[in-house]
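Raw contents of upload-v1.cif, mmCIF, C-alpha atoms:
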data_input
#
loop_
_atom_site.group_PDB
_atom_site.id
_atom_site.type_symbol
_atom_site.label_atom_id
_atom_site.label_comp_id
_atom_site.auth_asym_id
_atom_site.auth_seq_id
_atom_site.Cartn_x
_atom_site.Cartn_y
_atom_site.Cartn_z
ATOM 1 C CA MET A 24 84.147 92.097 68.441
ATOM 2 C CA GLU A 25 87.704 91.088 67.587
ATOM 3 C CA LYS A 26 88.862 91.917 71.099
ATOM 4 C CA GLN A 27 86.596 89.332 72.749
ATOM 5 C CA PRO A 28 88.050 86.266 70.916
ATOM 6 C CA ASN A 29 91.571 87.493 71.713
ATOM 7 C CA GLN A 30 90.680 87.738 75.400
ATOM 8 C CA LEU A 31 89.252 84.204 75.380
ATOM 9 C CA LEU A 32 92.374 82.944 73.615
ATOM 10 C CA TRP A 33 94.708 84.381 76.229
ATOM 11 C CA HIS A 34 92.516 83.083 79.055
ATOM 12 C CA GLY A 35 92.841 79.667 77.432
ATOM 13 C CA VAL A 36 96.625 80.060 77.300
ATOM 14 C CA PHE A 37 96.636 80.916 80.999
ATOM 15 C CA LEU A 38 94.585 77.809 81.841
ATOM 16 C CA LEU A 39 96.926 75.619 79.804
ATOM 17 C CA MET A 40 99.950 77.046 81.626
ATOM 18 C CA LEU A 41 98.214 76.481 84.967
ATOM 19 C CA LEU A 42 97.360 72.879 84.063
ATOM 20 C CA ALA A 43 100.938 72.299 82.911
ATOM 21 C CA ALA A 44 102.251 73.611 86.238
ATOM 22 C CA VAL A 45 99.858 71.386 88.210
ATOM 23 C CA PHE A 46 100.831 68.364 86.103
ATOM 24 C CA GLY A 47 104.529 69.137 86.636
ATOM 25 C CA ILE A 48 104.052 69.359 90.403
ATOM 26 C CA TYR A 49 102.091 66.103 90.373
ATOM 27 C CA LYS A 50 104.828 64.271 88.456
ATOM 28 C CA ALA A 51 107.490 65.705 90.783
ATOM 29 C CA VAL A 52 105.544 64.473 93.815
ATOM 30 C CA GLN A 53 105.168 61.034 92.258
ATOM 31 C CA SER A 54 108.919 60.818 91.679
ATOM 32 C CA VAL A 55 109.680 61.423 95.367
ATOM 33 C CA ASP A 56 109.994 58.234 97.401
ATOM 34 C CA TYR A 57 107.870 59.475 100.283
ATOM 35 C CA THR A 58 104.844 58.105 102.133
ATOM 36 C CA TRP A 59 102.248 60.836 102.511
ATOM 37 C CA ARG A 60 100.318 60.868 105.796
ATOM 38 C CA TRP A 61 97.875 63.772 105.558
ATOM 39 C CA GLU A 62 95.621 62.135 108.161
ATOM 40 C CA ARG A 63 98.100 63.165 110.880
ATOM 41 C CA ILE A 64 97.706 66.902 110.261
ATOM 42 C CA PRO A 65 94.074 67.743 111.280
ATOM 43 C CA GLN A 66 94.612 66.812 114.946
ATOM 44 C CA TYR A 67 97.340 69.465 115.177
ATOM 45 C CA ILE A 68 94.914 72.117 113.928
ATOM 46 C CA ALA A 69 91.939 71.170 116.110
ATOM 47 C CA TYR A 70 91.096 68.068 118.124
ATOM 48 C CA GLN A 71 88.548 66.780 120.622
ATOM 49 C CA ALA A 72 89.975 66.868 124.125
ATOM 50 C CA GLU A 73 88.513 64.869 127.016
ATOM 51 C CA GLN A 74 87.179 66.885 129.947
ATOM 52 C CA ASN A 75 86.679 64.638 132.967
ATOM 53 C CA ASN A 76 84.002 65.384 135.569
ATOM 54 C CA LEU A 77 85.462 64.225 138.884
ATOM 55 C CA ALA A 78 83.607 63.274 142.055
ATOM 56 C CA GLU A 79 83.688 66.043 144.663
ATOM 57 C CA PHE A 80 83.024 63.694 147.608
ATOM 58 C CA ASP A 81 82.513 60.051 148.559
ATOM 59 C CA GLY A 82 79.065 58.777 147.717
ATOM 60 C CA THR A 83 76.729 56.488 145.815
ATOM 61 C CA VAL A 84 75.301 56.867 142.305
ATOM 62 C CA ILE A 85 71.496 57.193 142.396
ATOM 63 C CA ALA A 86 68.797 57.874 139.825
ATOM 64 C CA GLY A 87 66.791 61.107 139.735
ATOM 65 C CA THR A 88 63.759 61.133 142.040
ATOM 66 C CA THR A 89 61.542 63.764 140.379
ATOM 67 C CA SER A 90 59.916 63.867 136.954
ATOM 68 C CA ALA A 91 62.331 66.585 135.848
ATOM 69 C CA GLU A 92 65.272 64.371 136.874
ATOM 70 C CA GLN A 93 63.949 61.227 135.190
ATOM 71 C CA GLY A 94 66.665 59.339 133.325
ATOM 72 C CA LYS A 95 69.450 61.301 135.029
ATOM 73 C CA LEU A 96 72.036 60.059 137.504
ATOM 74 C CA PHE A 97 73.447 61.840 140.543
ATOM 75 C CA LEU A 98 76.236 61.230 143.032
ATOM 76 C CA GLN A 99 74.749 61.377 146.533
ATOM 77 C CA ASN A 100 76.991 62.199 149.474
ATOM 78 C CA ASP A 101 77.091 59.339 151.985
ATOM 79 C CA LEU A 102 77.518 61.747 154.895
ATOM 80 C CA ASP A 103 74.945 64.308 153.710
ATOM 81 C CA PRO A 104 72.119 62.804 151.583
ATOM 82 C CA ASN A 105 70.943 66.307 150.627
ATOM 83 C CA GLN A 106 74.219 66.987 148.812
ATOM 84 C CA ARG A 107 74.238 65.684 145.243
ATOM 85 C CA GLN A 108 76.443 66.113 142.173
ATOM 86 C CA ALA A 109 74.953 65.873 138.672
ATOM 87 C CA ILE A 110 76.359 63.321 136.233
ATOM 88 C CA ALA A 111 76.173 64.017 132.495
ATOM 89 C CA SER A 112 74.280 61.538 130.337
ATOM 90 C CA THR A 113 76.989 61.504 127.653
ATOM 91 C CA GLY A 114 80.359 59.873 128.240
ATOM 92 C CA ILE A 115 79.151 58.382 131.519
ATOM 93 C CA LYS A 116 81.648 56.163 133.352
ATOM 94 C CA VAL A 117 79.496 54.922 136.264
ATOM 95 C CA ALA A 118 76.218 53.080 136.796
ATOM 96 C CA GLU A 119 73.376 53.352 139.313
ATOM 97 C CA GLY A 120 74.347 51.885 142.682
ATOM 98 C CA ASP A 121 78.113 52.265 142.225
ATOM 99 C CA THR A 122 80.148 53.380 145.217
ATOM 100 C CA ILE A 123 82.312 56.359 144.243
ATOM 101 C CA PHE A 124 85.266 57.896 146.014
ATOM 102 C CA ARG A 125 86.353 61.502 145.801
ATOM 103 C CA GLY A 126 88.407 62.137 142.650
ATOM 104 C CA ASP A 127 86.907 59.285 140.620
ATOM 105 C CA THR A 128 85.764 60.054 137.079
ATOM 106 C CA LEU A 129 81.965 60.315 136.729
ATOM 107 C CA ASP A 130 81.663 61.263 133.059
ATOM 108 C CA THR A 131 83.802 62.487 130.180
ATOM 109 C CA GLU A 132 82.916 65.339 127.828
ATOM 110 C CA LEU A 133 84.607 65.825 124.458
ATOM 111 C CA THR A 134 85.319 69.463 123.585
ATOM 112 C CA TRP A 135 86.951 70.905 120.477
ATOM 113 C CA THR A 136 90.343 72.400 121.312
ATOM 114 C CA ALA A 137 92.758 74.372 119.141
ATOM 115 C CA GLY A 138 95.917 72.465 118.255
ATOM 116 C CA PRO A 139 99.460 73.872 118.128
ATOM 117 C CA ILE A 140 99.150 74.955 114.484
ATOM 118 C CA ALA A 141 95.938 76.884 115.213
ATOM 119 C CA TRP A 142 97.593 78.544 118.214
ATOM 120 C CA GLY A 143 100.543 79.394 115.981
ATOM 121 C CA VAL A 144 98.191 81.122 113.534
ATOM 122 C CA TRP A 145 96.699 83.146 116.399
ATOM 123 C CA VAL A 146 100.149 84.204 117.652
ATOM 124 C CA THR A 147 101.187 85.197 114.114
ATOM 125 C CA VAL A 148 98.029 87.299 113.637
ATOM 126 C CA LYS A 149 98.400 88.930 117.061
ATOM 127 C CA LEU A 150 102.083 89.635 116.488
ATOM 128 C CA SER A 151 101.453 91.125 113.042
ATOM 129 C CA LEU A 152 98.524 93.288 114.180
ATOM 130 C CA VAL A 153 100.330 94.800 117.165
ATOM 131 C CA ALA A 154 103.558 95.338 115.216
ATOM 132 C CA GLY A 155 101.579 96.789 112.294
ATOM 133 C CA VAL A 156 99.884 99.409 114.476
ATOM 134 C CA PHE A 157 103.188 100.586 115.948
ATOM 135 C CA ALA A 158 104.836 100.457 112.506
ATOM 136 C CA ILE A 159 102.179 102.820 111.103
ATOM 137 C CA LEU A 160 102.665 105.283 113.963
ATOM 138 C CA LEU A 161 106.461 105.135 113.813
ATOM 139 C CA GLY A 162 106.589 105.167 110.016
ATOM 140 C CA THR A 163 104.200 108.115 109.709
ATOM 141 C CA LEU A 164 106.219 110.180 112.185
ATOM 142 C CA ALA A 165 109.478 109.256 110.453
ATOM 143 C CA GLY A 166 107.993 110.005 107.028
ATOM 144 C CA LEU A 167 106.855 113.461 108.174
ATOM 145 C CA ALA A 168 110.272 114.043 109.737
ATOM 146 C CA ARG A 169 111.896 113.236 106.374
ATOM 147 C CA LEU A 170 110.018 116.217 104.904
ATOM 148 C CA SER A 171 110.555 118.511 107.873
ATOM 149 C CA PRO A 172 112.469 121.779 107.323
ATOM 150 C CA ASN A 173 114.212 121.086 110.639
ATOM 151 C CA PRO A 174 117.631 119.560 109.788
ATOM 152 C CA ALA A 175 117.826 117.678 113.107
ATOM 153 C CA LEU A 176 114.518 115.877 112.543
ATOM 154 C CA ARG A 177 115.279 115.253 108.885
ATOM 155 C CA ASN A 178 118.742 113.829 109.540
ATOM 156 C CA LEU A 179 117.436 111.711 112.412
ATOM 157 C CA ALA A 180 114.751 110.217 110.166
ATOM 158 C CA VAL A 181 117.242 109.565 107.357
ATOM 159 C CA THR A 182 119.622 107.834 109.776
ATOM 160 C CA TYR A 183 116.819 105.659 111.144
ATOM 161 C CA VAL A 184 115.550 104.633 107.705
ATOM 162 C CA GLU A 185 118.961 103.891 106.214
ATOM 163 C CA LEU A 186 120.212 102.063 109.314
ATOM 164 C CA ILE A 187 117.163 99.786 109.570
ATOM 165 C CA ARG A 188 116.806 99.119 105.850
ATOM 166 C CA GLY A 189 120.532 98.409 105.564
ATOM 167 C CA THR A 190 120.645 95.620 108.157
ATOM 168 C CA PRO A 191 118.903 92.214 108.128
ATOM 169 C CA LEU A 192 115.739 91.759 110.191
ATOM 170 C CA LEU A 193 117.135 88.592 111.782
ATOM 171 C CA VAL A 194 120.112 90.526 113.154
ATOM 172 C CA GLN A 195 117.786 93.250 114.466
ATOM 173 C CA ILE A 196 115.654 90.647 116.265
ATOM 174 C CA PHE A 197 118.747 89.262 118.005
ATOM 175 C CA ILE A 198 119.913 92.761 118.999
ATOM 176 C CA VAL A 199 116.494 93.767 120.344
ATOM 177 C CA TYR A 200 115.982 90.530 122.276
ATOM 178 C CA PHE A 201 119.461 89.787 123.626
ATOM 179 C CA PHE A 202 120.714 93.345 124.157
ATOM 180 C CA ILE A 203 117.848 95.847 124.447
ATOM 181 C CA GLY A 204 115.521 93.198 125.870
ATOM 182 C CA THR A 205 118.038 92.307 128.568
ATOM 183 C CA VAL A 206 118.574 95.948 129.536
ATOM 184 C CA LEU A 207 114.852 96.799 129.611
ATOM 185 C CA ASN A 208 113.734 93.342 130.820
ATOM 186 C CA LEU A 209 111.460 92.718 127.824
ATOM 187 C CA ASP A 210 109.681 89.412 127.322
ATOM 188 C CA ARG A 211 109.933 87.498 124.046
ATOM 189 C CA PHE A 212 106.650 88.719 122.578
ATOM 190 C CA THR A 213 107.379 92.392 123.328
ATOM 191 C CA ALA A 214 110.875 92.104 121.874
ATOM 192 C CA GLY A 215 109.487 90.451 118.743
ATOM 193 C CA VAL A 216 106.843 93.152 118.310
ATOM 194 C CA ALA A 217 109.432 95.895 118.821
ATOM 195 C CA ALA A 218 111.833 94.438 116.246
ATOM 196 C CA LEU A 219 109.096 93.949 113.641
ATOM 197 C CA ALA A 220 107.595 97.401 114.260
ATOM 198 C CA VAL A 221 110.936 99.195 113.963
ATOM 199 C CA PHE A 222 111.863 97.243 110.819
ATOM 200 C CA THR A 223 108.506 97.746 109.074
ATOM 201 C CA GLY A 224 108.297 101.358 110.253
ATOM 202 C CA ALA A 225 111.398 102.245 108.217
ATOM 203 C CA TYR A 226 109.717 101.065 105.008
ATOM 204 C CA VAL A 227 106.424 102.702 105.953
ATOM 205 C CA ALA A 228 108.338 105.975 106.444
ATOM 206 C CA GLU A 229 109.557 105.898 102.849
ATOM 207 C CA ILE A 230 106.088 105.009 101.576
ATOM 208 C CA VAL A 231 104.541 107.892 103.518
ATOM 209 C CA ARG A 232 107.256 110.297 102.347
ATOM 210 C CA ALA A 233 106.727 109.317 98.718
ATOM 211 C CA GLY A 234 102.946 109.598 99.062
ATOM 212 C CA ILE A 235 103.113 113.101 100.558
ATOM 213 C CA SER A 236 105.684 114.219 97.973
ATOM 214 C CA SER A 237 103.354 113.084 95.181
ATOM 215 C CA ILE A 238 100.720 115.618 96.240
ATOM 216 C CA HIS A 239 101.073 118.885 94.333
ATOM 217 C CA LYS A 240 102.567 121.740 96.337
ATOM 218 C CA GLY A 241 99.584 123.856 95.390
ATOM 219 C CA GLN A 242 97.494 121.836 97.843
ATOM 220 C CA MET A 243 99.558 123.160 100.739
ATOM 221 C CA GLU A 244 99.381 126.686 99.402
ATOM 222 C CA ALA A 245 95.617 126.411 98.975
ATOM 223 C CA GLY A 246 95.198 125.225 102.556
ATOM 224 C CA ARG A 247 97.348 128.041 103.896
ATOM 225 C CA SER A 248 95.386 130.583 101.846
ATOM 226 C CA LEU A 249 92.198 129.368 103.560
ATOM 227 C CA GLY A 250 93.661 130.227 106.953
ATOM 228 C CA LEU A 251 94.818 126.754 107.966
ATOM 229 C CA THR A 252 98.163 126.227 109.644
ATOM 230 C CA SER A 253 100.788 123.962 108.090
ATOM 231 C CA ALA A 254 99.914 121.181 110.558
ATOM 232 C CA GLN A 255 96.171 121.530 109.871
ATOM 233 C CA THR A 256 96.721 121.523 106.108
ATOM 234 C CA MET A 257 98.864 118.417 106.392
ATOM 235 C CA ARG A 258 96.252 116.670 108.541
ATOM 236 C CA TYR A 259 93.058 117.632 106.722
ATOM 237 C CA VAL A 260 94.216 118.168 103.121
ATOM 238 C CA ILE A 261 97.502 116.418 102.301
ATOM 239 C CA LEU A 262 97.389 113.200 104.348
ATOM 240 C CA PRO A 263 93.860 112.081 103.237
ATOM 241 C CA GLN A 264 94.926 112.396 99.590
ATOM 242 C CA ALA A 265 98.282 110.742 100.217
ATOM 243 C CA PHE A 266 96.645 107.841 102.046
ATOM 244 C CA LYS A 267 94.730 106.805 98.936
ATOM 245 C CA ARG A 268 97.962 106.719 96.946
ATOM 246 C CA VAL A 269 100.041 104.834 99.512
ATOM 247 C CA LEU A 270 97.392 102.204 100.277
ATOM 248 C CA PRO A 271 98.643 99.602 97.725
ATOM 249 C CA PRO A 272 102.322 99.786 98.770
ATOM 250 C CA LEU A 273 101.305 99.798 102.444
ATOM 251 C CA ALA A 274 99.292 96.637 101.853
ATOM 252 C CA GLY A 275 102.320 95.019 100.240
ATOM 253 C CA GLN A 276 104.479 96.005 103.188
ATOM 254 C CA PHE A 277 102.053 94.544 105.717
ATOM 255 C CA ILE A 278 101.849 91.335 103.706
ATOM 256 C CA ASN A 279 105.638 91.213 104.046
ATOM 257 C CA LEU A 280 105.212 91.854 107.775
ATOM 258 C CA ILE A 281 103.064 88.730 108.145
ATOM 259 C CA LYS A 282 105.704 86.665 106.381
ATOM 260 C CA ASP A 283 108.616 88.350 108.195
ATOM 261 C CA SER A 284 106.977 87.512 111.530
ATOM 262 C CA SER A 285 108.126 83.924 110.967
ATOM 263 C CA LEU A 286 111.651 85.036 111.924
ATOM 264 C CA VAL A 287 110.658 85.655 115.547
ATOM 265 C CA SER A 288 110.609 81.894 115.999
ATOM 266 C CA VAL A 289 114.384 82.149 116.534
ATOM 267 C CA ILE A 290 113.706 83.730 119.958
ATOM 268 C CA SER A 291 111.285 80.922 120.904
ATOM 269 C CA ILE A 292 107.995 82.685 120.153
ATOM 270 C CA THR A 293 105.605 79.907 119.163
ATOM 271 C CA ASP A 294 104.219 81.461 116.006
ATOM 272 C CA LEU A 295 103.019 79.500 112.993
ATOM 273 C CA THR A 296 106.541 78.661 111.808
ATOM 274 C CA LYS A 297 107.784 77.443 115.191
ATOM 275 C CA ALA A 298 104.561 75.475 115.695
ATOM 276 C CA GLY A 299 105.227 73.837 112.328
ATOM 277 C CA ARG A 300 108.731 72.818 113.413
ATOM 278 C CA GLU A 301 107.393 71.328 116.630
ATOM 279 C CA VAL A 302 104.736 69.353 114.755
ATOM 280 C CA VAL A 303 107.349 68.074 112.286
ATOM 281 C CA SER A 304 109.500 66.805 115.165
ATOM 282 C CA SER A 305 106.560 64.829 116.585
ATOM 283 C CA THR A 306 104.985 63.533 113.351
ATOM 284 C CA PHE A 307 108.040 63.077 111.086
ATOM 285 C CA SER A 308 105.850 64.383 108.239
ATOM 286 C CA PRO A 309 107.754 67.474 107.038
ATOM 287 C CA PHE A 310 106.132 67.815 103.610
ATOM 288 C CA GLU A 311 102.558 67.685 104.907
ATOM 289 C CA VAL A 312 103.271 70.110 107.756
ATOM 290 C CA TRP A 313 105.133 72.695 105.696
ATOM 291 C CA PHE A 314 102.560 72.586 102.896
ATOM 292 C CA THR A 315 99.888 73.217 105.549
ATOM 293 C CA VAL A 316 101.900 76.071 107.084
ATOM 294 C CA ALA A 317 102.436 77.631 103.643
ATOM 295 C CA LEU A 318 98.711 77.373 102.905
ATOM 296 C CA LEU A 319 97.825 79.085 106.189
ATOM 297 C CA TYR A 320 100.257 81.940 105.472
ATOM 298 C CA LEU A 321 98.660 82.232 102.028
ATOM 299 C CA VAL A 322 95.217 82.454 103.627
ATOM 300 C CA LEU A 323 96.377 85.246 105.954
ATOM 301 C CA THR A 324 98.062 87.284 103.219
ATOM 302 C CA GLY A 325 95.250 86.614 100.745
ATOM 303 C CA THR A 326 92.663 87.836 103.239
ATOM 304 C CA LEU A 327 94.631 91.044 103.778
ATOM 305 C CA SER A 328 94.948 91.564 100.014
ATOM 306 C CA PHE A 329 91.200 91.083 99.576
ATOM 307 C CA LEU A 330 90.379 93.605 102.320
ATOM 308 C CA VAL A 331 92.745 96.178 100.834
ATOM 309 C CA ARG A 332 91.230 95.761 97.371
ATOM 310 C CA ARG A 333 87.786 96.351 98.847
ATOM 311 C CA LEU A 334 89.118 99.467 100.565
ATOM 312 C CA GLU A 335 90.631 100.708 97.291
ATOM 313 C CA VAL A 336 87.285 100.255 95.515
ATOM 314 C CA LYS A 337 85.549 102.167 98.300
ATOM 315 C CA TYR A 338 87.931 105.102 98.007
ATOM 316 C CA ALA A 339 87.702 105.012 94.216
ATOM 317 C CA ARG A 340 83.927 105.417 94.452
ATOM 318 C CA SER A 341 84.280 108.267 96.930
ATOM 319 C CA ASN A 342 86.353 110.176 94.362
#
Give the structure from this file in structure tokens form.
Amino acid sequence: MEKQPNQLLWHGVFLLMLLAAVFGIYKAVQSVDYTWRWERIPQYIAYQAEQNNLAEFDGTVIAGTTSAEQGKLFLQNDLDPNQRQAIASTGIKVAEGDTIFRGDTLDTELTWTAGPIAWGVWVTVKLSLVAGVFAILLGTLAGLARLSPNPALRNLAVTYVELIRGTPLLVQIFIVYFFIGTVLNLDRFTAGVAALAVFTGAYVAEIVRAGISSIHKGQMEAGRSLGLTSAQTMRYVILPQAFKRVLPPLAGQFINLIKDSSLVSVISITDLTKAGREVVSSTFSPFEVWFTVALLYLVLTGTLSFLVRRLEVKYARSN
């Protein structure tokens, strides 16, 4: 019974600290001489674009002649009365009896269209997903090579991991795009995916190596005693157990991958960060744009964290 009041007390302390932080941010914002224009941001996420319906021929606007066409307007071809073009009832720009020439606007339809920030989110997600898949494949192979009894494979994996982890990602992106990309004629997106996959794969390799090393050696011996080969034991016995242990650090690495993907904007890939810069240059509202960009990154990483936690709970129940 004494534990419950203590828990409530510390939850209260946490809420007070949170309120103090919010109050501090509010006072800091108030002290900045800046005019906030949040109303400019939504149109760069999604907006209603006009879709014009143009006349396909010269003709005259007439009303529908049948009961099914009652209340509707049509453009009738002057040269061929049997040829008609339907005119929408919403956003109409003409009236019955008007003479219309080919290319004139008959009606306008408003459709929701993704803005540059929304497209930037899509590019970031696509970039992270593709790079993540290749990073898992590359990192798993490198992690297994780190544990291989073959000195050539082991030394090759060590060289790869130490070389990639010892150099900045930004430098690697420039090397892949301007040097390797020029030699192999890679486009920007492919070069960005390659740089991110190689960089993340080095960290995944160490995570995989540590996860496999944490499994007791008796598991391998037990698999071999059952008649399985070393490869079969690794696939069916060791890796499934190691995967459960490496899931949290892998999730952290892929969260870093989403954030690291912002660096590909330096090679003109219009991801979320580059889209934010373009919107800032057209709205002159840097605070609103970058707060929005930060929030969208938080949504992406938070969603991934939530999915991984659900996966951890699922595996915990299966044990």
task: Find the residue from A:Thr315, A:Thr293, A:Asn208, A:Ser151 that sits nearest to Asn279 in chain A; use all atoms listed in the file when measuring.
output: A:Ser151
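Across A:Leu262, A:Ala245, A:Val287, A:Ala274, the tightest approach to Val199 in chain A is made by A:Val287 when counting all atoms listed in the file.
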Coordinates-based distance that separates CA of Tyr226 in chain A from CA of Gly162 in chain A (Å, one decimal): 7.2 Å
- prompt: How many Å separate CA of Ile123 in chain A from CA of Thr83 in chain A?
  reply: 5.8 Å
message: Assuming the chain letters and numbering stay as they are in my file, what does the PyMOL selection byres ((chain A and resi 137) around 9) actually select? List them as a ChimeraX atom specification.
response: /A:66-71,135-136,138-142
